[in-house]
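What follows is a set of notes on a single structure, which appears directly below.
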Amino acid sequence: EEAVVLLSRLLKEEDAAKEFEVTEELPSFKDTKDIDPFWKPYIAWAEANEYFKGHTGEREGEFGFKDNLTARQYAVVLLRALGYVEEADNWDEAYETAVELGLLENVEAEKDEEIVREIAAQMTFNALGTNLKDSEETLADKLEIEMPVVTPDELEVVEVKADNLKEVVVTFNQEVD
């Protein structure tokens with residue numbers, strides 16, 4: 001449910017989501033019928049725009065209210081927001097597509113691992129710098145958001161020591177690839 005609000009803010013559609021009309025049909029998820037009314041318009045908006053389609057299998061027809069989100073589930077949501085709907089709907093390949101697009105850069109989470117806000121924030125940041133499907137325009141470009149330019153600190157040698165006669169250990173001030 002928090003990811004729905006986050007997504008509406010990311011797409012600059014929070015007012016539309018907050019005011020989205022709740023009907024008998026939307027939200028249609030069986031686990032959202034008796035929830036706090038605050039969440040219903042957001043979830044209805046996300047369902048109407050097909051950002052969230054709900055669980056399958058044993059939990060068919062459920063939104064997953066109060067569930068924690070996995071890295072793969074949030075990657076699917078971000079793929080849909082970027083226009084990669086077919087790729088997102090391929091559950092078995094969606095995570096790998098997200099990895100290829102860079103949505104999981106600087107994220108340390110297995111695909112079915114529950115994520116915390118920090119990881120969701122990193123994935124969201126990565127989505128802003130990702131090209132929309134079939135476009136040279138990034139999500140940030142579309143939303144007219146100026147992305148920060150990250151310049152690495154100057155690389156410095158912090159320490160050099162010989163552990164033995166055959167090996168020298170060089171320690172830098174930052175990680176080196």
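Simple scheme: letters A, B, ... for chains in structure tokens order, numbers from 1 for residues in each chain, numbers from 1 for ligands in the order shown.
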I'd like the contact shell of Glu96 in chain A - 10 Å cut-off, only C-alpha atoms, skipping same-chain residues fewer than 6 positions apart - returned as a PDB file with N, CA and C atoms, in the first residue's frame.
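This is the output file part22.pdb:
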```pdb
ATOM      1  N   ARG A  72      11.370  -8.255  -6.602  1.00  0.00           N
ATOM      2  CA  ARG A  72      10.771  -8.554  -7.905  1.00  0.00           C
ATOM      3  C   ARG A  72       9.427  -7.844  -8.057  1.00  0.00           C
ATOM      4  N   ALA A  75      10.064  -4.246  -8.737  1.00  0.00           N
ATOM      5  CA  ALA A  75      10.646  -4.124 -10.076  1.00  0.00           C
ATOM      6  C   ALA A  75       9.557  -4.203 -11.131  1.00  0.00           C
ATOM      7  N   GLU A  87       6.974  -7.001 -20.564  1.00  0.00           N
ATOM      8  CA  GLU A  87       8.106  -7.533 -19.812  1.00  0.00           C
ATOM      9  C   GLU A  87       7.739  -7.721 -18.340  1.00  0.00           C
ATOM     10  N   GLY A 102      18.920  -1.654 -15.339  1.00  0.00           N
ATOM     11  CA  GLY A 102      19.611  -0.898 -14.292  1.00  0.00           C
ATOM     12  C   GLY A 102      18.741  -0.530 -13.107  1.00  0.00           C
ATOM     13  N   LEU A 103      17.529  -1.070 -13.016  1.00  0.00           N
ATOM     14  CA  LEU A 103      16.654  -0.735 -11.898  1.00  0.00           C
ATOM     15  C   LEU A 103      17.172  -1.252 -10.562  1.00  0.00           C
ATOM     16  N   LEU A 104      18.061  -2.230 -10.616  1.00  0.00           N
ATOM     17  CA  LEU A 104      18.582  -2.808  -9.371  1.00  0.00           C
ATOM     18  C   LEU A 104      20.042  -2.457  -9.130  1.00  0.00           C
ATOM     19  N   LYS A 111      15.754 -11.586  -5.672  1.00  0.00           N
ATOM     20  CA  LYS A 111      14.499 -11.201  -6.318  1.00  0.00           C
ATOM     21  C   LYS A 111      13.264 -11.419  -5.461  1.00  0.00           C
TER      22      LYS A 111
END
```
Dump as JSON lines the rows for residues of range 14-89 of chain A within 6 Å of range 125-140 of chain A: closest atom pair and distance in Å with one decimal, only C-alpha atoms counted, ordered by chain and rising residue number.
```
{"residue": "A:Leu82", "atom": "CA", "partner": "A:Leu132", "partner_atom": "CA", "distance": 4.9}
{"residue": "A:Gly83", "atom": "CA", "partner": "A:Lys133", "partner_atom": "CA", "distance": 5.3}
{"residue": "A:Tyr84", "atom": "CA", "partner": "A:Lys133", "partner_atom": "CA", "distance": 5.8}
```
DSSP alpha helix (DSSP H) residues within range 5-149 of chain A, listed as a PyMOL selection string: chain A and resi 5-10+14-18+40-48+71-81+85-89+91-101+117-128+139-142
The selected residues should be written to file as a short mmCIF file (atom, residue, chain, number, x, y, z; two decimals), in the first residue's frame (atoms: C-alpha atoms).
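Saved to selection_5.cif:
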```cif
data_model
loop_
_atom_site.label_atom_id
_atom_site.label_comp_id
_atom_site.auth_asym_id
_atom_site.auth_seq_id
_atom_site.Cartn_x
_atom_site.Cartn_y
_atom_site.Cartn_z
CA VAL A 5 1.45 6.11 -2.71
CA LEU A 6 5.16 6.26 -3.56
CA LEU A 7 4.39 5.40 -7.18
CA SER A 8 1.71 8.08 -7.42
CA ARG A 9 4.19 10.64 -6.11
CA LEU A 10 6.93 9.41 -8.43
CA GLU A 14 -0.67 11.84 -6.25
CA ASP A 15 -3.60 14.26 -6.39
CA ALA A 16 -5.30 12.14 -9.04
CA ALA A 17 -4.65 8.97 -7.04
CA LYS A 18 -5.79 10.49 -3.76
CA LYS A 40 -8.73 2.77 -1.25
CA PRO A 41 -8.47 5.58 -3.84
CA TYR A 42 -4.73 5.03 -4.23
CA ILE A 43 -5.18 1.29 -4.73
CA ALA A 44 -8.11 1.84 -7.12
CA TRP A 45 -5.96 4.28 -9.13
CA ALA A 46 -3.08 1.79 -9.29
CA GLU A 47 -5.40 -1.01 -10.35
CA ALA A 48 -7.18 1.11 -12.98
CA ALA A 71 12.39 -6.78 -4.95
CA ARG A 72 10.77 -8.55 -7.91
CA GLN A 73 7.30 -7.19 -7.11
CA TYR A 74 8.55 -3.61 -6.95
CA ALA A 75 10.65 -4.12 -10.08
CA VAL A 76 7.47 -5.22 -11.88
CA VAL A 77 5.66 -2.07 -10.74
CA LEU A 78 8.53 0.13 -11.93
CA LEU A 79 8.71 -1.71 -15.26
CA ARG A 80 5.01 -0.99 -15.82
CA ALA A 81 5.52 2.68 -14.91
CA VAL A 85 4.19 -3.81 -19.57
CA GLU A 86 4.75 -7.04 -21.50
CA GLU A 87 8.11 -7.53 -19.81
CA ALA A 88 6.56 -6.87 -16.40
CA ASP A 89 3.78 -9.36 -17.04
CA TRP A 91 6.83 -12.95 -14.00
CA ASP A 92 9.69 -15.38 -14.61
CA GLU A 93 11.75 -12.89 -16.62
CA ALA A 94 10.70 -9.53 -15.15
CA TYR A 95 13.43 -9.38 -12.53
CA GLU A 96 16.16 -10.08 -15.08
CA THR A 97 14.71 -7.37 -17.36
CA ALA A 98 14.82 -4.94 -14.44
CA VAL A 99 18.44 -5.88 -13.78
CA GLU A 100 19.34 -5.34 -17.46
CA LEU A 101 17.69 -1.90 -17.42
CA ARG A 117 12.25 1.55 2.17
CA GLU A 118 15.95 2.19 1.49
CA ILE A 119 15.95 -0.38 -1.30
CA ALA A 120 12.65 0.88 -2.69
CA ALA A 121 14.10 4.39 -2.71
CA GLN A 122 17.21 3.24 -4.59
CA MET A 123 15.11 1.34 -7.13
CA THR A 124 12.89 4.40 -7.56
CA PHE A 125 15.93 6.62 -8.07
CA ASN A 126 17.26 4.15 -10.66
CA ALA A 127 13.89 4.21 -12.45
CA LEU A 128 14.13 7.97 -12.86
CA LEU A 139 11.40 8.92 -16.70
CA ALA A 140 13.08 11.98 -15.15
CA ASP A 141 13.02 13.72 -18.55
CA LYS A 142 9.31 12.97 -18.95
#
```
CA of Glu21 in chain A to CA of Gly61 in chain A, straight-line distance in Å: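 Pair CA of Gly61 in chain A / CA of Glu21 in chain A returns 20.0 Å.
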DSSP-assigned strand (DSSP E) among range 21-168 of chain A, expressed as JSON, numbers by chain: {"A": [157, 158, 159, 160, 161, 162, 168]}
For Glu113 in chain A, the nearest of the candidates A:Val176, A:Val22, A:Ala3, A:Leu69, counting only C-alpha atoms: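 Closest residue, counting only C-alpha atoms: A:Leu69.
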Within 9 Å of Leu155 in chain A using only C-alpha atoms, minus same-chain residues under 5 positions, as a PyMOL selection string: chain A and resi 172-174+176
Point-to-point distance from CA of Val107 in chain A to CA of Thr70 in chain A, Å rounded to tenths: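 Atom-to-atom, CA of Val107 in chain A and CA of Thr70 in chain A are spaced 12.3 Å apart.
Reported to one decimal place, the separation of CA of Phe29 in chain A from CA of Glu62 in chain A is 4.9 Å.
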Spatial neighbours of Asn68 in chain A, 9 Å, only C-alpha atoms, chain gap at least 4 places, as a ChimeraX atom specification: /A:64,114-116
File dump, residues just selected, N, CA, C and O atoms, as an mmCIF file, in the first residue's frame:
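out-v1.cif was written with the following content:
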```
data_model
loop_
_atom_site.group_PDB
_atom_site.id
_atom_site.type_symbol
_atom_site.label_atom_id
_atom_site.label_comp_id
_atom_site.auth_asym_id
_atom_site.auth_seq_id
_atom_site.Cartn_x
_atom_site.Cartn_y
_atom_site.Cartn_z
ATOM 1 N N GLY A 64 -2.622 -7.893 -1.493
ATOM 2 C CA GLY A 64 -1.486 -8.123 -0.596
ATOM 3 C C GLY A 64 -1.381 -7.015 0.432
ATOM 4 O O GLY A 64 -0.286 -6.635 0.845
ATOM 5 N N GLU A 114 12.090 -9.723 0.683
ATOM 6 C CA GLU A 114 11.316 -8.540 1.057
ATOM 7 C C GLU A 114 12.263 -7.356 1.172
ATOM 8 O O GLU A 114 13.370 -7.489 1.677
ATOM 9 N N ILE A 115 11.809 -6.212 0.674
ATOM 10 C CA ILE A 115 12.669 -5.029 0.665
ATOM 11 C C ILE A 115 12.219 -4.014 1.702
ATOM 12 O O ILE A 115 11.061 -3.983 2.105
ATOM 13 N N VAL A 116 13.165 -3.192 2.111
ATOM 14 C CA VAL A 116 12.894 -2.095 3.035
ATOM 15 C C VAL A 116 12.820 -0.800 2.221
ATOM 16 O O VAL A 116 13.143 -0.766 1.039
#
```
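Closest approach to Asn49 in chain A among A:Glu144, A:Glu13, A:Glu167, A:Glu154 is made by A:Glu13 (distances from only C-alpha atoms).
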